[in-house]
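Source file: model.cif (mmCIF, C-alpha atoms)
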```cif
data_start
#
loop_
_atom_site.label_atom_id
_atom_site.label_comp_id
_atom_site.auth_asym_id
_atom_site.auth_seq_id
_atom_site.Cartn_x
_atom_site.Cartn_y
_atom_site.Cartn_z
CA MET Q 24 -12.17 -4.65 22.19
CA ALA Q 25 -15.18 -6.58 20.96
CA THR Q 26 -14.78 -10.35 20.96
CA GLN Q 27 -16.67 -12.40 18.42
CA THR Q 28 -17.37 -16.09 18.14
CA PRO Q 29 -15.90 -18.21 15.34
CA GLU Q 30 -19.36 -18.12 13.75
CA LEU Q 31 -19.09 -14.41 12.88
CA PHE Q 32 -19.50 -15.35 9.20
CA GLY Q 33 -21.84 -18.27 9.83
CA SER Q 34 -18.99 -20.77 9.47
CA PRO Q 35 -15.53 -21.31 11.01
CA HIS Q 36 -14.19 -21.41 7.44
CA PRO Q 37 -16.19 -18.87 5.39
CA SER Q 38 -15.53 -18.60 1.68
CA ILE Q 39 -13.03 -15.93 0.70
CA SER Q 40 -12.84 -13.80 -2.43
CA VAL Q 41 -9.33 -12.54 -3.16
CA ILE Q 42 -9.44 -9.52 -5.47
CA LEU Q 43 -6.48 -8.22 -7.50
CA PRO Q 44 -6.38 -5.19 -9.80
CA VAL Q 45 -3.63 -6.06 -12.28
CA LEU Q 46 -1.91 -3.87 -14.86
CA ASN Q 47 1.48 -4.58 -16.45
CA GLU Q 48 2.23 -7.34 -13.95
CA GLU Q 49 3.89 -9.81 -16.32
CA ALA Q 50 6.90 -10.25 -14.05
CA HIS Q 51 5.02 -11.04 -10.83
CA LEU Q 52 1.46 -12.20 -11.56
CA GLU Q 53 2.16 -15.95 -11.65
CA ASP Q 54 3.90 -15.85 -8.27
CA ALA Q 55 1.20 -13.63 -6.74
CA VAL Q 56 -1.64 -15.94 -7.77
CA HIS Q 57 0.31 -19.07 -6.83
CA SER Q 58 0.80 -17.72 -3.31
CA ILE Q 59 -2.99 -17.37 -3.02
CA LEU Q 60 -3.94 -20.74 -4.48
CA SER Q 61 -1.43 -22.58 -2.28
CA GLN Q 62 -2.95 -21.35 1.01
CA ASP Q 63 -3.51 -23.80 3.85
CA TYR Q 64 -7.02 -22.41 4.36
CA GLN Q 65 -9.77 -25.04 4.61
CA GLY Q 66 -12.59 -22.93 3.24
CA LYS Q 67 -13.46 -22.10 -0.37
CA ILE Q 68 -11.26 -19.60 -2.19
CA GLU Q 69 -11.94 -17.67 -5.37
CA VAL Q 70 -9.46 -15.32 -7.04
CA ILE Q 71 -10.84 -12.45 -9.12
CA LEU Q 72 -8.39 -10.65 -11.40
CA ALA Q 73 -9.51 -7.24 -12.67
CA VAL Q 74 -7.25 -6.96 -15.70
CA GLY Q 75 -6.46 -3.54 -17.09
CA PRO Q 76 -5.20 -2.67 -20.60
CA SER Q 77 -1.59 -3.77 -20.07
CA HIS Q 78 1.33 -3.22 -22.42
CA ASP Q 79 2.92 -6.57 -21.62
CA ARG Q 80 1.73 -10.21 -21.38
CA THR Q 81 -0.38 -9.69 -18.25
CA LEU Q 82 -3.70 -10.59 -19.96
CA GLU Q 83 -2.20 -13.66 -21.63
CA ILE Q 84 -0.77 -14.87 -18.32
CA ALA Q 85 -4.04 -14.20 -16.49
CA GLN Q 86 -6.01 -16.14 -19.10
CA SER Q 87 -3.59 -19.05 -18.86
CA ILE Q 88 -3.91 -19.16 -15.07
CA SER Q 89 -7.71 -19.05 -15.31
CA ARG Q 90 -7.76 -21.93 -17.81
CA ARG Q 91 -5.63 -24.05 -15.49
CA ASP Q 92 -7.60 -23.34 -12.33
CA SER Q 93 -11.35 -22.69 -12.27
CA ARG Q 94 -11.00 -20.79 -8.98
CA VAL Q 95 -9.46 -17.90 -10.93
CA VAL Q 96 -11.97 -15.58 -12.60
CA LEU Q 97 -11.19 -12.62 -14.87
CA VAL Q 98 -13.07 -9.34 -15.18
CA ASP Q 99 -12.22 -6.59 -17.62
CA ASN Q 100 -11.08 -3.27 -16.18
CA PRO Q 101 -11.09 -0.96 -19.24
CA SER Q 102 -9.84 2.13 -17.40
CA GLY Q 103 -6.93 0.33 -15.77
CA ARG Q 104 -7.50 2.37 -12.61
CA THR Q 105 -6.93 0.56 -9.33
CA ALA Q 106 -10.09 1.65 -7.53
CA ALA Q 107 -12.27 0.82 -10.54
CA GLY Q 108 -10.68 -2.62 -10.80
CA LEU Q 109 -11.22 -3.28 -7.11
CA ASN Q 110 -14.90 -2.36 -7.39
CA LEU Q 111 -15.39 -4.51 -10.49
CA ALA Q 112 -13.83 -7.46 -8.66
CA LEU Q 113 -15.83 -6.70 -5.51
CA ASN Q 114 -19.08 -6.68 -7.49
CA LYS Q 115 -18.15 -10.04 -9.01
CA SER Q 116 -17.38 -11.57 -5.62
CA GLN Q 117 -19.85 -13.48 -3.48
CA SER Q 118 -17.90 -14.35 -0.33
CA PRO Q 119 -18.43 -12.75 3.10
CA VAL Q 120 -14.67 -12.13 3.37
CA VAL Q 121 -12.92 -10.05 0.70
CA VAL Q 122 -9.12 -9.91 0.65
CA ARG Q 123 -7.20 -7.43 -1.45
CA VAL Q 124 -3.85 -8.54 -2.89
CA ASP Q 125 -1.72 -6.74 -5.47
CA GLY Q 126 -0.33 -8.34 -8.60
CA HIS Q 127 3.26 -7.72 -7.46
CA ALA Q 128 2.77 -9.01 -3.89
CA GLN Q 129 3.05 -12.47 -2.36
CA ILE Q 130 1.28 -13.73 0.75
CA PRO Q 131 2.47 -16.51 3.11
CA ASN Q 132 0.52 -19.78 3.08
CA ASP Q 133 -1.25 -19.09 6.40
CA TYR Q 134 -2.35 -15.58 5.43
CA LEU Q 135 -6.05 -16.31 4.76
CA ARG Q 136 -6.38 -18.55 7.80
CA LEU Q 137 -4.94 -15.81 10.02
CA ILE Q 138 -7.24 -13.21 8.47
CA VAL Q 139 -10.38 -15.11 9.42
CA GLU Q 140 -8.98 -15.73 12.90
CA ILE Q 141 -8.22 -12.04 13.42
CA LEU Q 142 -11.53 -10.82 12.00
CA ASN Q 143 -13.38 -13.19 14.32
CA LYS Q 144 -11.32 -12.31 17.38
CA THR Q 145 -11.38 -8.52 17.00
CA GLY Q 146 -14.69 -7.82 15.31
CA ALA Q 147 -12.78 -5.58 12.89
CA VAL Q 148 -14.15 -4.68 9.47
CA ASN Q 149 -10.66 -4.52 7.95
CA VAL Q 150 -7.40 -6.16 9.01
CA GLY Q 151 -3.92 -5.95 7.55
CA GLY Q 152 -0.29 -6.49 8.38
CA VAL Q 153 3.25 -5.71 7.35
CA MET Q 154 4.19 -4.45 3.91
CA ALA Q 155 7.39 -6.51 3.89
CA ALA Q 156 9.45 -4.88 1.15
CA VAL Q 157 11.98 -7.28 -0.38
CA GLY Q 158 14.25 -6.34 -3.27
CA THR Q 159 16.09 -8.56 -5.74
CA THR Q 160 18.52 -6.00 -7.25
CA PRO Q 161 20.91 -3.79 -5.24
CA PHE Q 162 18.75 -0.73 -5.88
CA GLU Q 163 15.54 -2.54 -4.91
CA ARG Q 164 17.21 -3.81 -1.72
CA ALA Q 165 18.18 -0.25 -0.82
CA VAL Q 166 14.59 0.91 -1.39
CA ALA Q 167 13.30 -2.02 0.65
CA GLY Q 168 15.59 -1.10 3.54
CA ALA Q 169 14.37 2.49 3.48
CA MET Q 170 10.74 1.37 3.32
CA ARG Q 171 11.15 -0.86 6.36
CA SER Q 172 12.81 1.85 8.43
CA PRO Q 173 11.15 4.75 10.30
CA LEU Q 174 14.09 6.83 9.05
CA GLY Q 175 12.84 6.30 5.50
CA VAL Q 176 9.05 6.32 5.66
CA GLY Q 177 8.11 7.19 9.23
CA ALA Q 178 6.76 4.97 11.96
CA SER Q 179 3.64 3.50 10.34
CA ARG Q 180 3.25 -0.01 11.72
CA PHE Q 181 2.45 -1.52 8.33
CA HIS Q 182 5.94 -0.45 7.18
CA THR Q 183 8.02 -1.07 10.28
CA GLY Q 184 6.05 -3.65 12.26
CA GLY Q 185 4.96 -3.33 15.88
CA GLU Q 186 2.29 -4.55 18.26
CA ALA Q 187 -1.12 -5.69 17.10
CA GLY Q 188 -3.87 -3.15 17.63
CA VAL Q 189 -6.36 -0.65 16.26
CA VAL Q 190 -4.90 1.70 13.61
CA ASP Q 191 -6.02 4.34 11.13
CA THR Q 192 -5.08 2.38 8.01
CA VAL Q 193 -3.47 -0.88 6.90
CA TYR Q 194 -1.68 -2.16 3.82
CA LEU Q 195 -3.99 -3.82 1.25
CA GLY Q 196 -6.65 -5.04 3.68
CA ALA Q 197 -8.97 -7.98 4.33
CA PHE Q 198 -12.57 -6.92 4.75
CA ARG Q 199 -15.95 -8.00 5.94
CA ARG Q 200 -17.78 -7.74 2.64
CA ASP Q 201 -20.95 -6.29 4.16
CA ALA Q 202 -18.99 -3.37 5.65
CA LEU Q 203 -17.20 -2.72 2.37
CA VAL Q 204 -20.44 -2.76 0.38
CA ALA Q 205 -22.22 -0.58 2.96
CA ILE Q 206 -19.86 2.36 2.33
CA GLY Q 207 -20.01 1.99 -1.45
CA GLY Q 208 -16.68 0.28 -2.00
CA PHE Q 209 -13.63 2.17 -3.20
CA ASP Q 210 -13.85 5.79 -4.36
CA GLU Q 211 -12.99 5.60 -8.05
CA ARG Q 212 -12.00 9.26 -8.19
CA PHE Q 213 -8.81 8.38 -6.34
CA THR Q 214 -5.89 7.22 -8.46
CA ARG Q 215 -3.82 6.70 -5.31
CA ALA Q 216 -4.48 6.68 -1.57
CA GLN Q 217 -7.63 4.60 -1.98
CA ASP Q 218 -6.72 2.65 1.17
CA TRP Q 219 -6.32 5.75 3.35
CA GLU Q 220 -9.59 7.19 2.08
CA LEU Q 221 -11.51 3.93 2.35
CA ASN Q 222 -10.32 3.23 5.89
CA PHE Q 223 -11.39 6.70 6.96
CA ARG Q 224 -14.93 5.98 5.79
CA LEU Q 225 -14.93 2.57 7.47
CA ARG Q 226 -13.87 4.15 10.76
CA GLU Q 227 -16.33 7.00 10.30
CA LYS Q 228 -19.11 4.39 10.28
CA GLY Q 229 -17.83 2.94 13.55
CA GLY Q 230 -15.78 0.10 12.07
CA ILE Q 231 -12.49 -1.12 13.53
CA VAL Q 232 -9.37 -1.19 11.35
CA TYR Q 233 -6.85 -3.59 12.88
CA PHE Q 234 -3.13 -4.25 12.37
CA ASP Q 235 -1.56 -7.63 13.13
CA PRO Q 236 2.18 -8.15 12.49
CA ARG Q 237 1.68 -11.84 11.73
CA LEU Q 238 0.19 -10.84 8.39
CA HIS Q 239 3.29 -10.42 6.23
CA VAL Q 240 2.91 -9.50 2.56
CA THR Q 241 6.02 -9.57 0.38
CA TYR Q 242 6.20 -6.35 -1.62
CA ARG Q 243 8.50 -5.70 -4.60
CA PRO Q 244 9.88 -2.12 -4.60
CA ARG Q 245 10.39 0.07 -7.64
CA SER Q 246 13.54 -0.72 -9.58
CA THR Q 247 14.77 2.75 -10.68
CA VAL Q 248 15.15 6.21 -9.17
CA ARG Q 249 12.70 7.61 -11.72
CA ALA Q 250 10.03 5.03 -10.92
CA LEU Q 251 10.56 5.53 -7.19
CA ALA Q 252 10.28 9.31 -7.50
CA LYS Q 253 7.08 9.02 -9.54
CA GLN Q 254 5.58 6.59 -7.01
CA TYR Q 255 6.30 8.80 -4.00
CA PHE Q 256 5.26 11.98 -5.81
CA GLU Q 257 1.87 10.38 -6.42
CA TYR Q 258 1.68 9.18 -2.81
CA GLY Q 259 2.19 12.73 -1.55
CA ARG Q 260 -0.14 14.23 -4.12
CA TRP Q 261 -3.05 11.97 -3.27
CA ARG Q 262 -2.45 12.00 0.48
CA ARG Q 263 -3.05 15.76 0.30
CA VAL Q 264 -6.37 15.07 -1.43
CA VAL Q 265 -7.45 12.81 1.42
CA SER Q 266 -6.47 15.44 3.99
CA ARG Q 267 -8.58 18.03 2.16
CA ARG Q 268 -11.65 15.84 1.88
CA HIS Q 269 -11.49 14.38 5.39
CA SER Q 270 -10.39 16.81 8.08
CA GLY Q 271 -8.36 15.40 10.92
CA THR Q 272 -6.61 12.75 8.78
CA ILE Q 273 -3.26 14.54 8.64
CA ASN Q 274 -0.47 14.23 11.23
CA TYR Q 275 3.18 15.14 11.68
CA ARG Q 276 4.39 12.10 9.68
CA TYR Q 277 2.71 13.45 6.56
CA LEU Q 278 3.92 17.01 7.13
CA ALA Q 279 7.57 16.00 7.63
CA PRO Q 280 8.44 15.44 3.91
CA PRO Q 281 7.02 18.76 2.61
CA LEU Q 282 8.62 20.62 5.52
CA ALA Q 283 11.94 18.90 4.82
CA LEU Q 284 11.75 19.81 1.14
CA VAL Q 285 10.89 23.46 1.78
CA GLY Q 286 13.41 23.82 4.59
CA PHE Q 287 16.23 22.20 2.63
CA SER Q 288 15.52 24.22 -0.51
CA LEU Q 289 15.31 27.56 1.28
CA SER Q 290 18.43 26.79 3.30
CA ALA Q 291 20.41 25.72 0.24
CA ILE Q 292 19.48 28.90 -1.64
CA ALA Q 293 19.79 31.36 1.25
CA GLY Q 294 23.12 29.87 2.30
CA PHE Q 295 24.80 31.34 -0.78
CA PHE Q 296 23.99 34.82 0.56
CA LEU Q 297 24.54 34.10 4.26
CA PRO Q 298 26.56 30.91 4.89
CA ILE Q 299 25.11 30.33 8.35
CA LEU Q 300 21.79 29.62 6.65
CA PHE Q 301 23.31 26.46 5.19
CA ILE Q 302 22.88 24.88 8.64
CA PRO Q 303 19.34 23.43 8.15
CA ALA Q 304 20.34 21.87 4.80
CA SER Q 305 23.52 20.53 6.40
CA ILE Q 306 21.52 18.98 9.24
CA TYR Q 307 19.29 17.19 6.74
CA LEU Q 308 22.31 15.90 4.81
CA LEU Q 309 23.84 14.63 8.05
CA PHE Q 310 20.54 12.90 8.80
CA VAL Q 311 20.65 11.17 5.39
CA LEU Q 312 24.25 10.08 5.98
CA ALA Q 313 23.42 8.70 9.43
CA ALA Q 314 20.18 7.05 8.28
CA SER Q 315 22.00 5.37 5.39
CA VAL Q 316 24.60 3.98 7.80
CA ARG Q 317 21.83 2.69 10.06
CA ILE Q 318 19.84 1.04 7.27
CA ALA Q 319 22.53 -0.24 4.89
CA SER Q 320 23.71 -3.84 4.96
CA SER Q 321 26.61 -3.23 2.57
CA ILE Q 322 28.82 -0.43 1.25
CA ARG Q 323 27.01 -0.51 -2.09
CA GLU Q 324 23.64 -0.26 -0.43
CA TYR Q 325 24.89 2.66 1.67
CA PHE Q 326 25.73 4.73 -1.40
CA LEU Q 327 22.42 3.83 -3.05
CA LEU Q 328 20.54 4.93 0.07
CA LEU Q 329 22.16 8.37 -0.21
CA ALA Q 330 20.00 8.78 -3.33
CA VAL Q 331 17.01 6.68 -2.27
CA ILE Q 332 16.15 8.42 1.01
CA PRO Q 333 16.07 12.01 -0.34
CA THR Q 334 14.17 10.79 -3.41
CA MET Q 335 11.45 9.31 -1.21
CA HIS Q 336 11.25 12.34 1.09
CA PHE Q 337 11.44 15.09 -1.51
CA ALA Q 338 9.22 13.42 -4.12
CA TRP Q 339 6.53 12.81 -1.48
CA GLY Q 340 6.89 16.38 -0.26
CA ALA Q 341 6.74 17.84 -3.77
CA GLY Q 342 3.61 15.85 -4.52
CA PHE Q 343 1.95 17.00 -1.29
CA ILE Q 344 2.79 20.66 -1.89
CA SER Q 345 1.81 20.73 -5.56
CA SER Q 346 -1.40 18.69 -5.26
CA PRO Q 347 -4.18 20.72 -6.96
CA LYS Q 348 -7.58 21.14 -5.36
CA THR Q 349 -9.18 20.08 -8.64
CA LEU Q 350 -7.51 16.64 -8.64
CA VAL Q 351 -10.67 14.96 -7.35
CA PRO Q 352 -13.99 16.51 -8.43
CA SER Q 353 -16.59 17.08 -5.77
CA SER Q 354 -19.27 14.42 -5.36
CA GLU Q 355 -21.80 17.12 -4.54
#
```

Transcribe the structure of this file into C-alpha cells.
Amino acid sequence: MATQTPELFGSPHPSISVILPVLNEEAHLEDAVHSILSQDYQGKIEVILAVGPSHDRTLEIAQSISRRDSRVVLVDNPSGRTAAGLNLALNKSQSPVVVRVDGHAQIPNDYLRLIVEILNKTGAVNVGGVMAAVGTTPFERAVAGAMRSPLGVGASRFHTGGEAGVVDTVYLGAFRRDALVAIGGFDERFTRAQDWELNFRLREKGGIVYFDPRLHVTYRPRSTVRALAKQYFEYGRWRRVVSRRHSGTINYRYLAPPLALVGFSLSAIAGFFLPILFIPASIYLLFVLAASVRIASSIREYFLLLAVIPTMHFAWGAGFISSPKTLVPSSE
C-alpha cells in the first residue's frame, strides 16, 4: 500500500467541497447540512447543494440555509438526476478534496477529518465507509436491519462493516478532485449505480478505492414496501447496465437475487404439478424465516422482515433480469 505524507494536498488541512444532489429532501435536508457544518475539521469547508425540481419545500429550505451560512452554495439542477447534480456541484467546487453526501444522510462530526487522514495514509483516490442504516418507524427499522445484514443484502463491507482495505466500490465516497475530474466525473446516463460505474473507471485508471469502517454515515431507509421495492428494482436494473458496459464487474452476490427469483418462481409453479418440486421454494421460505429470526430485535420487526427480505431480493432480481440493453445509450 502506498504511504503518503500529510502534505498530499499541499496542506495538512486542505479545503473540502461537500457536494449534495438534493430532490424532495424536505424531511432530512436541515439535519444533513447541519451534520456537515458542525464538523470538527480545521480546514475550510464549502457545501454545494445541487437542487432539483422538488415537489416539496426542499428549495425553500436550501435557500434558507444558504442565507444563514455563506459556506452553503446552491446550484440549479434542472433535470433532477443525481449524476447531473453531482457534476454541476463538482464543476462549482474548487477544493482538492470532494466529499459526496446525500440529502437524507448524516455524517459524524469527525467524518471530514478522518477522510483527509485516510486519503493521506493510503494514497487512495476515493474512500468511504459504512452505510449505517437507521430507521425511525417499525418498518424502517426492519429495512435497516436487513440492510445491515449479509442475509439481507450480501456481504458488501459498506453494508455490514469489516476490516479496512482496498475494495471495488464504497458508499457515497470522498475523492481526490484531480482524479475525479481526470475521468470526466459522473456518467450522467446512469440514473442509478453511478457509484459502481464511477469506481470502476477510477480503478481502471490505476486508482485505489478504499473502505474504512470508522467512516459511518447514517442512512434513512425507505418507509413503505412500495418505495423499497421500487428502490431495489432500480438497483438491480442499473447494476445490470454496469455489468454490460464493464466486463468483469459482476460476481455471485449480484447473481444471487435473480437466481433466487427465478428458482423460487419456477419451483412454486412446477410444484403444483409435481409436489417434490416445491422443495427449492420451501428452502427459500425457510431461509427467510431463519434470517428474520436472526435479524429481528422484536416480534413486530420479525413479521415485517418476512415481507422486507423477499421484497429486497425479488425486486433487485426482477430489475436485473428485466434491464433492457437500451437503458443507457452508447457513447460511441

- Message: Could you list, as JSON, numbers by chain, every residue matched by the PyMOL selection byres ((chain Q and resi 156) around 9) in this structure?
- Response: {"Q": [153, 154, 155, 157, 158, 163, 164, 166, 167, 168, 170, 171, 182, 240, 241, 242, 243, 244]}

- Message: Would you pick out the contacts of region 121-138 of chain Q at 7 Å or less, using all atoms listed in the file, so that residues sharing its chain but fewer than 4 positions from it are not included, and give the list as a VMD selection string?
- Response: chain Q and resid 39 to 45 48 51 to 52 54 to 55 58 to 59 61 to 64 142 195 to 200 238 to 243

- Item | Residues returned when the PyMOL selection byres ((chain Q and resi 325) around 12) runs on this file, as a ChimeraX atom specification | /Q:161-162,164-166,168-169,311-324,326-332

- Task: For each of Q:Val148, Q:Val264, Q:Ala112, Q:Ala216, take the minimum atom-to-atom distance to Phe32 (chain Q), counting only C-alpha atoms, then give the residue where this is smallest.
- Result: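 The closest residue to Phe32 (chain Q) is Q:Val148.
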
- So how far away is CA of Val232 (chain Q) from CA of Gly185 (chain Q), in Å?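 Distance between the two atoms: 15.2 Å.
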
- Item | Pick from Q:Thr334, Q:Thr183, Q:Thr81, Q:Thr192 nearest to Phe256 (chain Q), counting only C-alpha atoms |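 The answer is Q:Thr334, which sits nearest to Phe256 (chain Q).
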
- Please tell me which residues are no farther than 6 Å from (-14.7, -5.5, 16.5) in the file, counting all atoms listed in the file, and write them as a PyMOL selection string. chain Q and resi 25+145-147+231

- Query: Could you work out how far CA of Asp201 (chain Q) lies from CA of Lys67 (chain Q), giving the answer in Å with one decimal?
  - Reply: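 Separation between CA of Lys67 (chain Q) and CA of Asp201 (chain Q): 18.1 Å.
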
- Message: With the PyMOL selection byres ((chain Q and resi 94-108) around 9) as the selection, what would be picked from this file? Answer as a ChimeraX atom specification, please.
- Response: /Q:42-46,56,60,68-77,85-86,88-93,109-113,115,208-215,217

- Task: Work out how far CA of Glu53 (chain Q) is from CA of Arg80 (chain Q), in Å to one decimal.
- Result: 11.3 Å

- Message: Taking all atoms listed in the file into account, name the residue in Q:Ile206, Q:Lys348, Q:Gly33, Q:Leu82 that is nearest to Val139 (chain Q).
- Response: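 Smallest distance to Val139 (chain Q) is found for Q:Gly33.
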
- Item | Among listed residues Q:Gly188, Q:Ile84, Q:Pro37, Q:Pro333, nearest Glu140 (chain Q) (using all atoms listed in the file) | Q:Pro37

- Item | Of the listed residues Q:Ala304, Q:Tyr233, Q:Arg276, Q:Ile344, that which approaches Ile292 (chain Q) most closely, counting all atoms listed in the file | Q:Ala304

- Query: So which residues fall inside 10 Å of (7.7, 15.7, 4.3) if we count only C-alpha atoms? Mind giving them as a VMD selection string?
  - Reply: chain Q and resid 176 to 177 259 275 to 286 335 to 344
